[in-house]
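One structure is given below, encoded as structure tokens.
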Number of protein chains: 2
Amino acid sequence: MPDKPSFVQRYVPILRWLPAYRRADLPQDLIAGVITAIMLVPQSMAYAQLGGLPPQVGLYATILPIAAYAILGTSGQLAVGPAAITSLAVLAGVGALAAPGTPRYLELVLALTLMVGIIKVALGIFRLGTVLNFVSAPVLSGFMSAAALVIIASQLKHLLGFNVAGKAVHDQLYDAVTHINKTNPVTLAIALTSILILVLFKSRAVKASLGKLGVPPRLRTLIGSLSLLLVLVLGTLVTATFRLDVAAGVKTVGVIPAGLPPLALPNFSLTDAGLLAPTALTIVFISVVESISIAKALASKHRQRIDPDQELIGLGAANLMASFSGAYPVAGGLARSVVNNEAGAMTGLASLVTAAMMAATLVFLTPLFYYLPQAVLASIVVVAVAGLFDLREARRLYHLQRSDFLTWLATFAVTLVFNIEVGILAGMVLSLLLFLWHTSRPKVVEIGRIPGTYIFKNVAHHDTQTSESVVALRVDESLYFANARYLEDRVLEVVAARPAVRHMVLHCSAINSVDTTAIETLQSLHDELRDAGVELHLASLKEWVLSRLERAGFVAAIGRDHIHRSMDEALKAIEAQAAISDR
Amino acid sequence: MPDKPSFVQRYVPILRWLPAYRRADLPQDLIAGVITAIMLVPQSMAYAQLGGLPPQVGLYATILPIAAYAILGTSGQLAVGPAAITSLAVLAGVGALAAPGTPRYLELVLALTLMVGIIKVALGIFRLGTVLNFVSAPVLSGFMSAAALVIIASQLKHLLGFNVAGKAVHDQLYDAVTHINKTNPVTLAIALTSILILVLFKSRAVKASLGKLGVPPRLRTLIGSLSLLLVLVLGTLVTATFRLDVAAGVKTVGVIPAGLPPLALPNFSLTDAGLLAPTALTIVFISVVESISIAKALASKHRQRIDPDQELIGLGAANLMASFSGAYPVAGGLARSVVNNEAGAMTGLASLVTAAMMAATLVFLTPLFYYLPQAVLASIVVVAVAGLFDLREARRLYHLQRSDFLTWLATFAVTLVFNIEVGILAGMVLSLLLFLWHTSRPKVVEIGRIPGTYIFKNVAHHDTQTSESVVALRVDESLYFANARYLEDRVLEVVAARPAVRHMVLHCSAINSVDTTAIETLQSLHDELRDAGVELHLASLKEWVLSRLERAGFVAAIGRDHIHRSMDEALKAIEAQAAISDR
């Protein structure tokens with residue numbers, strides 16, 4: 001899109017691509033839209049069940065929200081809809097305020113969805129999307145790993161067919177094991193069969209065999225996406241044929257009200273909003289980072305660009321629509337979006353097709369789900385989230401960067417033991433504190449000249465030329481209030497240890513910025529060194545660092561002849577000065 | 001001290017300097033110790049009054065605490081004792097839990113002092129003193145400016161001689177103005193005269209005149225220090241002679257119990273400790289940074305080095321001793337320390353002399369203070385803190401760095417309007433958030449070759465040579481989770497805007513570190529660029545950044561031939577590659 005979009009086009013991306021829509025893209029968008037819808041029918045009901053909501057709420061989340069994203073989002077491939085982690089967050093957050101299944105629960109979910117939408121739209125309009133970058137990858141990974149375990153434990157009751165008690169993972173596991181004799185064997189059989197089918201379709205071995213049979217890669221991915229439909233159809237047929245709901249006590253989805261979602265504004269108080277705020281923020285933090293990463297990865301395959309702030313507006317609008325149409329929070333889903341892309345989605349039209357298909361499902365097909373066993377939906381959830389539990393990532397972090405591993409572990413443990421909101425918050429705060437702690441103790445190494453060159457290197461690692469009276473230190477961090485005094489201490493330590501030193505040269509090329517505290521500290525360092533008979537020199541300053549030092553009066557204080565363009569020039573100037581004073 | 005200190009000497013610095021004590025230093029240390037004591041007598045009583053404590057508590061704070069610091073501290077010049085800001089913090093923190101003057105108030109002050117001592121010693125032993133660097137200069141300055149106003153408002157009742165009501169500054173001012181007719185005119189006259197004398201002695205004009213009379217600079221400073229003694233003696237003589245306490249209702253210090261401080265362990269509950277914790281932390285943060293700066297500045301004049309962690313142990317021990325001897329929190333004072341230094345203090349012996357003098361004062365001289373007017377002490381406090389109110393610093397920050405000005409203003413306003421603990425906390429949090437926000441949006445500029453050189457500069461500021469198919473970007477910040485995705489967005493934005501681009505070179509010399517999130521983002525950037533037909537190159541990587549990229553497998557992913565030692569080599573490699581593929 002080389003043309004600069006107009007003001008309206010900037011905020012309503014559909015007005016960029018729809019007027020220029022190419023007829024050649026139509027078949028691809030149609031097929032992708034239909035295939036994504038086929039995946040969404042079982043998925044949306046499964047995630048709604050995870051979120052403590054009736055199945056139609058999941059289906060409602062796939063009509064107006066998806067259409068809103070198609071109009072306002074910037075990705076032609078991102079498949080918006082219910083997602084596992086946001087569903088868990090809804091259950092954990094709203095479940096603490098009202099019992100799932102009650103009208104109050106649904107009311108609070110709608111309020112929560114409205115808040116999620118408002119926060120996202122606001123972040124997008126004020127172009128504050130970068131605050132979401134403060135969730136680091138280890139925090140997200142540790143969180144997801146713990147969330148996967150929490151989700152699987154929450155599905156035990158559907159998989160085993162009896163009411164597993166407890167909220168925490170260990171309570172649920174304990175209860176499931178101690179009451180294992182209450183298991184409904186038919187339900188368990190349905191669940192295990194479904195899981196087996198879903199895992200087989202996902203497995204590389206099966207994909208490789210299909211490849212050997214000459215099935216092209218794109219088609220293989222599409223076959224994989226049909227597994228959800230397959231377990232849905234199989235489970236429903238078997239249950240309906242043998243009336244397992246009556247004969248064996250298999251719990252099924254039951255009656256789903258037919259027809260399009262009801263339109264209404266959510267009804268809630270300011271007190272509710274306050275209670276829901278932490279959950280809303282958690283959902284925003286965990287869903288946006290993930291959605292935008294997916295959108296970016298897919299967009300670049302088409303050499304398109306995702307505007308993260310407009311993306312927030314699109315996702316926010318989707319949630320607002322969800323809130324107005326009896327649904328619950330939506331986000332971009334990875335598996336769905338990959339299928340959407342491989343099926344050929346070129347523009348948001350694919351999403352509009354999906355939304356239309358979902359509407360048709362709600363109007364015509366809901367009676368077909370009467371005999372769908374809840375165990376099948378639980379199996380879909382379990383297989384979807386199992387891959388999120390990622391111990392390999394923890395091991396990788398352990399070997400690569402200990403502080404990131406610590407963050408992963410803390411986020412994982414707090415999320416698993418306490419609750420998911422505290423987990424993500426603890427991880428964010430810890431990662432920021434570790435970063436600050438790291439920058440507060442910058443590397444300060446002594447450097448010396450590699451003989452016969454302009455090059456100055458760490459004296460500990462290289463054969464270098466140094467002098468009794470001149471010390472050169474390299475500072476490998478921007479200077480700000482939290483580390484300037486640390487630098488001052490290191491410099492004074494060196495000077496105190498070497499009484500012969502007369503010149504201290506700081507090599508500043510790695511200093512990207514200085515704040516006023518750092519300038520003040522440099523000033524007091526200069527005074528202290530002067531009192532000790534040592535001259536301070538700065539070499540290789542960046543332009544804007546130098547200009548700030550100038551404006552602060554530090555250059556005048558230290559003397560312009562003590563600022564040098566390079567280490568080499570600094571040493572030459574010092575030698576020349578020494579030669580004059582020797583004469 | 002070129003010899004490496006032994007283990008014991010490291011933690012007990014007096015064992016370093018006392019065995020090697022030179023007789024020639026003795027007269028200097030003696031004189032400095034006596035002069036500092038002369039200053040401390042009125043000062044310690046004045047600050048105790050500010051802290052809501054009886055005068056003897058201030059005097060107690062000058063015996064064992066000063067001796068403890070002389071034994072364990074590393075500065076021979078720092079004059080420890082009561083300080084204005086810590087006294088205010090005591091009044092604000094403990095005053096919220098108990099009424100000044102009650103036994104419960106004193107009990108809590110002793111508990112607070114113990115906590116301050118324990119925190120300082122612990123920070124020193126675990127070498128965690130750098131956490132205190134997280135208080136930036138603007139936070140400290142904004143805090144001090146507000147604290148000065150709070151202190152002056154709190155002294156109005158002593159200066160005007162009637163009970164000014166209210167806790168907040170504006171309440172006290174309003175009450176003082178509306179009840180100005182209740183002023184005790186004699187008290188006010190004593191206060192104004194004292195303030196006039198103190199200001200005159202401090203003024204540059206007077207010092208300059210003394211200079212013209214041939215008084216050497218050192219003696220001038222010492223004369224200045226006698227002003228406190230002068231107002232004390234004058235105020236006491238006038239009040240005693242005319243019995244102003246009875247005749248005019250001038251409030252005086254009254255009976256001070258004679259004798260050395262009582263030794264006892266403080267008696268308090270865990271609940272008290274919890275309530276006092278914020279105040280204890282505030283006192284640690286505000287007093288240590290200030291004390292250590294003073295010690296450093298004076299030490300370098302003697303080419304000595306201050307070990308900040310040992311300094312924490314020394315200051316902590318001083319507070320522990322204060323808590324055991326019926327006193328209250330102590331810190332290093334600027335004015336006192338400067339006088340101590342100018343009077344010739346060479347070692348901690350000067351402090352030991354001061355402590356002995358103060359003990360003698362308590363044993364023999366307390367009856368002399370019976371007629372000392374409280375207005376004189378308040379005048380000493382007001383003149384001491386007036387200089388802390390520093391609007392000029394705010395103006396300087398405004399012109400130098402807007403974010404630091406904002407921090408100053410927020411700290412100032414919150415401290416003034418709410419309370420001092422919230423003020424320092426708000427300032428710290430805001431300054432950290434602003435720093436993080438700043439690093440989360442790194443400068444990313446396009447660079448081009450200055451024709452005919454190896455030098456690459458910002459294309460916006462220099463005439464440079466660029467190419468249609470190659471873009472070079474310079475990243476001026478270390479990469480970590482909060483900014484890596486921002487960089488990714490900027491790069492993808494550039495690529496999306498220029499369809500002809502085939503190579504993207506990132507110039508990485510200003511990247512001091514990368515964390516695992518940044519590596520992951522670089523990996524997805526590489527994938528996204530590859531999908532868009534653009535090759536990613538990295539140039540001028542720091543050694544340890546490169547080695548971390550290697551360990552993470554990123555070098556293998558991008559290809560070792562896409563890592564270049566310099567921009568020049570990167571462009572040459574790209575040209576050579578293009579030449580091959582053209583053939």
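Simple scheme: letters A, B, ... for chains in structure tokens order, numbers from 1 for residues in each chain, numbers from 1 for ligands in the order shown.
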
Practice problem: Extract, using only C-alpha atoms, all DNA, RNA and protein residues at most 9 Å from A:Leu260, discarding same-chain residues fewer than 5 positions from it, and format them as a list of chain:residue names. | Solution: A:Tyr60, A:Ile63, A:Ala359, A:Ala360, A:Leu362, A:Val363

Practice prompt. Using only C-alpha atoms, determine which residues lie at most 7 Å from B:Lys457, disregarding the query and same-chain residues fewer than 6 positions distant; provide the list as a list of chain:residue names.
Written response: B:Ile447, B:Gly448, B:Arg449, B:Ile450

| field | Spatial neighbours of B:Leu91, max dist 6 Å, only C-alpha atoms, sep filter under 4 positions, as a PyMOL selection string | value | chain B and resi 51-52+95

Could you please tell me, as a PDB file with C-alpha atoms, in the first residue's frame, which residues of chain B have an atom within 7 Å of chain A when using only C-alpha atoms?
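Okay, this is what ended up in result-v3.pdb:
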```pdb
ATOM      1  CA  PRO B   2      48.179   1.232  50.159  1.00  0.00           C
ATOM      2  CA  THR B 130      23.365   0.503  45.627  1.00  0.00           C
ATOM      3  CA  ASN B 133      20.956   5.000  44.333  1.00  0.00           C
ATOM      4  CA  PHE B 134      17.406   4.532  43.081  1.00  0.00           C
ATOM      5  CA  SER B 136      17.462  10.250  41.943  1.00  0.00           C
ATOM      6  CA  ALA B 137      18.740  13.788  42.440  1.00  0.00           C
ATOM      7  CA  ALA B 297      33.088  14.921  48.761  1.00  0.00           C
ATOM      8  CA  SER B 300      38.427  13.103  48.123  1.00  0.00           C
ATOM      9  CA  LYS B 301      39.928  16.351  49.420  1.00  0.00           C
ATOM     10  CA  HIS B 302      42.197  14.089  51.489  1.00  0.00           C
ATOM     11  CA  ARG B 303      42.539  11.558  48.647  1.00  0.00           C
ATOM     12  CA  GLN B 304      40.826   8.997  50.823  1.00  0.00           C
ATOM     13  CA  ARG B 305      38.141   6.643  49.654  1.00  0.00           C
ATOM     14  CA  LEU B 400      17.781  20.668  31.015  1.00  0.00           C
ATOM     15  CA  ASP B 476      20.778   3.663  20.289  1.00  0.00           C
ATOM     16  CA  GLU B 477      19.746   1.586  23.291  1.00  0.00           C
ATOM     17  CA  PHE B 481      11.787  -6.914  26.585  1.00  0.00           C
ATOM     18  CA  ALA B 482      10.285  -3.445  26.881  1.00  0.00           C
ATOM     19  CA  ASN B 483      11.786  -2.085  23.672  1.00  0.00           C
ATOM     20  CA  ARG B 485       9.058  -5.157  19.892  1.00  0.00           C
ATOM     21  CA  TYR B 486       9.177  -1.405  19.380  1.00  0.00           C
ATOM     22  CA  LEU B 492       8.939  -3.458   9.617  1.00  0.00           C
ATOM     23  CA  GLU B 493       7.523   0.022   9.052  1.00  0.00           C
ATOM     24  CA  ALA B 496       6.763  -1.870   4.296  1.00  0.00           C
ATOM     25  CA  ALA B 497       7.285   1.704   3.087  1.00  0.00           C
ATOM     26  CA  ALA B 510      25.254   1.131  21.023  1.00  0.00           C
ATOM     27  CA  ASN B 512      25.181  -2.946  25.458  1.00  0.00           C
ATOM     28  CA  THR B 517      12.959 -11.556  24.816  1.00  0.00           C
ATOM     29  CA  GLU B 528       9.276 -11.736   9.048  1.00  0.00           C
ATOM     30  CA  LEU B 529      11.920 -10.046   6.923  1.00  0.00           C
ATOM     31  CA  ASP B 531       9.130 -13.905   4.426  1.00  0.00           C
ATOM     32  CA  ALA B 532       9.111 -10.437   2.899  1.00  0.00           C
ATOM     33  CA  ARG B 551      24.497 -19.395  22.428  1.00  0.00           C
ATOM     34  CA  ALA B 552      20.835 -18.686  21.671  1.00  0.00           C
TER      35      ALA B 552
END
```

Separation of atom CA of B:Pro100 from atom CA of B:Leu40 in Å: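 Calculated distance between atom CA of B:Leu40 and atom CA of B:Pro100 is 22.8 Å.
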
note - atom CA of A:Ala331 and atom CA of A:Gly142 are separated by 19.7 Å

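Summary of the local environment: counting only C-alpha atoms, residues at most 7 Å from A:Gly33, other than itself and those fewer than 4 positions away along its chain, are Asp29, Ala37, Ala350, Ser351, Val353 and Thr354 of chain A.
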
Using N, CA and C atoms, can you export the residues from the last selection as a PDB file, in the first residue's frame?
```
ATOM      1  N   ASP A  29     -10.438 -16.074  -0.184  1.00  0.00           N
ATOM      2  CA  ASP A  29     -11.031 -15.534   1.041  1.00  0.00           C
ATOM      3  C   ASP A  29     -12.262 -16.336   1.448  1.00  0.00           C
ATOM      4  N   ALA A  37     -14.476 -21.105   9.993  1.00  0.00           N
ATOM      5  CA  ALA A  37     -15.763 -21.270  10.688  1.00  0.00           C
ATOM      6  C   ALA A  37     -15.939 -22.710  11.163  1.00  0.00           C
ATOM      7  N   ALA A 350     -12.266 -12.665   4.483  1.00  0.00           N
ATOM      8  CA  ALA A 350     -12.319 -14.029   5.016  1.00  0.00           C
ATOM      9  C   ALA A 350     -13.017 -14.027   6.369  1.00  0.00           C
ATOM     10  N   SER A 351     -12.674 -13.051   7.211  1.00  0.00           N
ATOM     11  CA  SER A 351     -13.299 -12.980   8.530  1.00  0.00           C
ATOM     12  C   SER A 351     -14.794 -12.687   8.412  1.00  0.00           C
ATOM     13  N   VAL A 353     -16.729 -13.602   6.025  1.00  0.00           N
ATOM     14  CA  VAL A 353     -17.342 -14.870   5.632  1.00  0.00           C
ATOM     15  C   VAL A 353     -17.504 -15.766   6.860  1.00  0.00           C
ATOM     16  N   THR A 354     -16.452 -15.837   7.682  1.00  0.00           N
ATOM     17  CA  THR A 354     -16.530 -16.647   8.905  1.00  0.00           C
ATOM     18  C   THR A 354     -17.708 -16.197   9.762  1.00  0.00           C
TER      19      THR A 354
END
```

Between atom CA of A:Leu128 and atom CA of B:Thr415 lies a distance of 28.8 Å

I'd like the neighbourhood of B:Ala258 as a ChimeraX atom specification, where a residue qualifies if any of its atoms comes within 9 Å (using only C-alpha atoms), though same-chain residues fewer than 6 positions away should be ignored. /B:56,361-367

Which residues are close to stretch 322-326 of chain A, i.e. within 12 Å by only C-alpha atoms, leaving aside same-chain residues fewer than 4 positions away? Reply as a PyMOL selection string. chain A and resi 53-69+80-82+103+106-118+260-268+315-318+330-331

Taking 5 positions as the minimum chain separation for residues in the same chain, which residues sit within 7 Å of stretch 251-256 of chain B when counting only C-alpha atoms? Answer as a count of residues only.
10
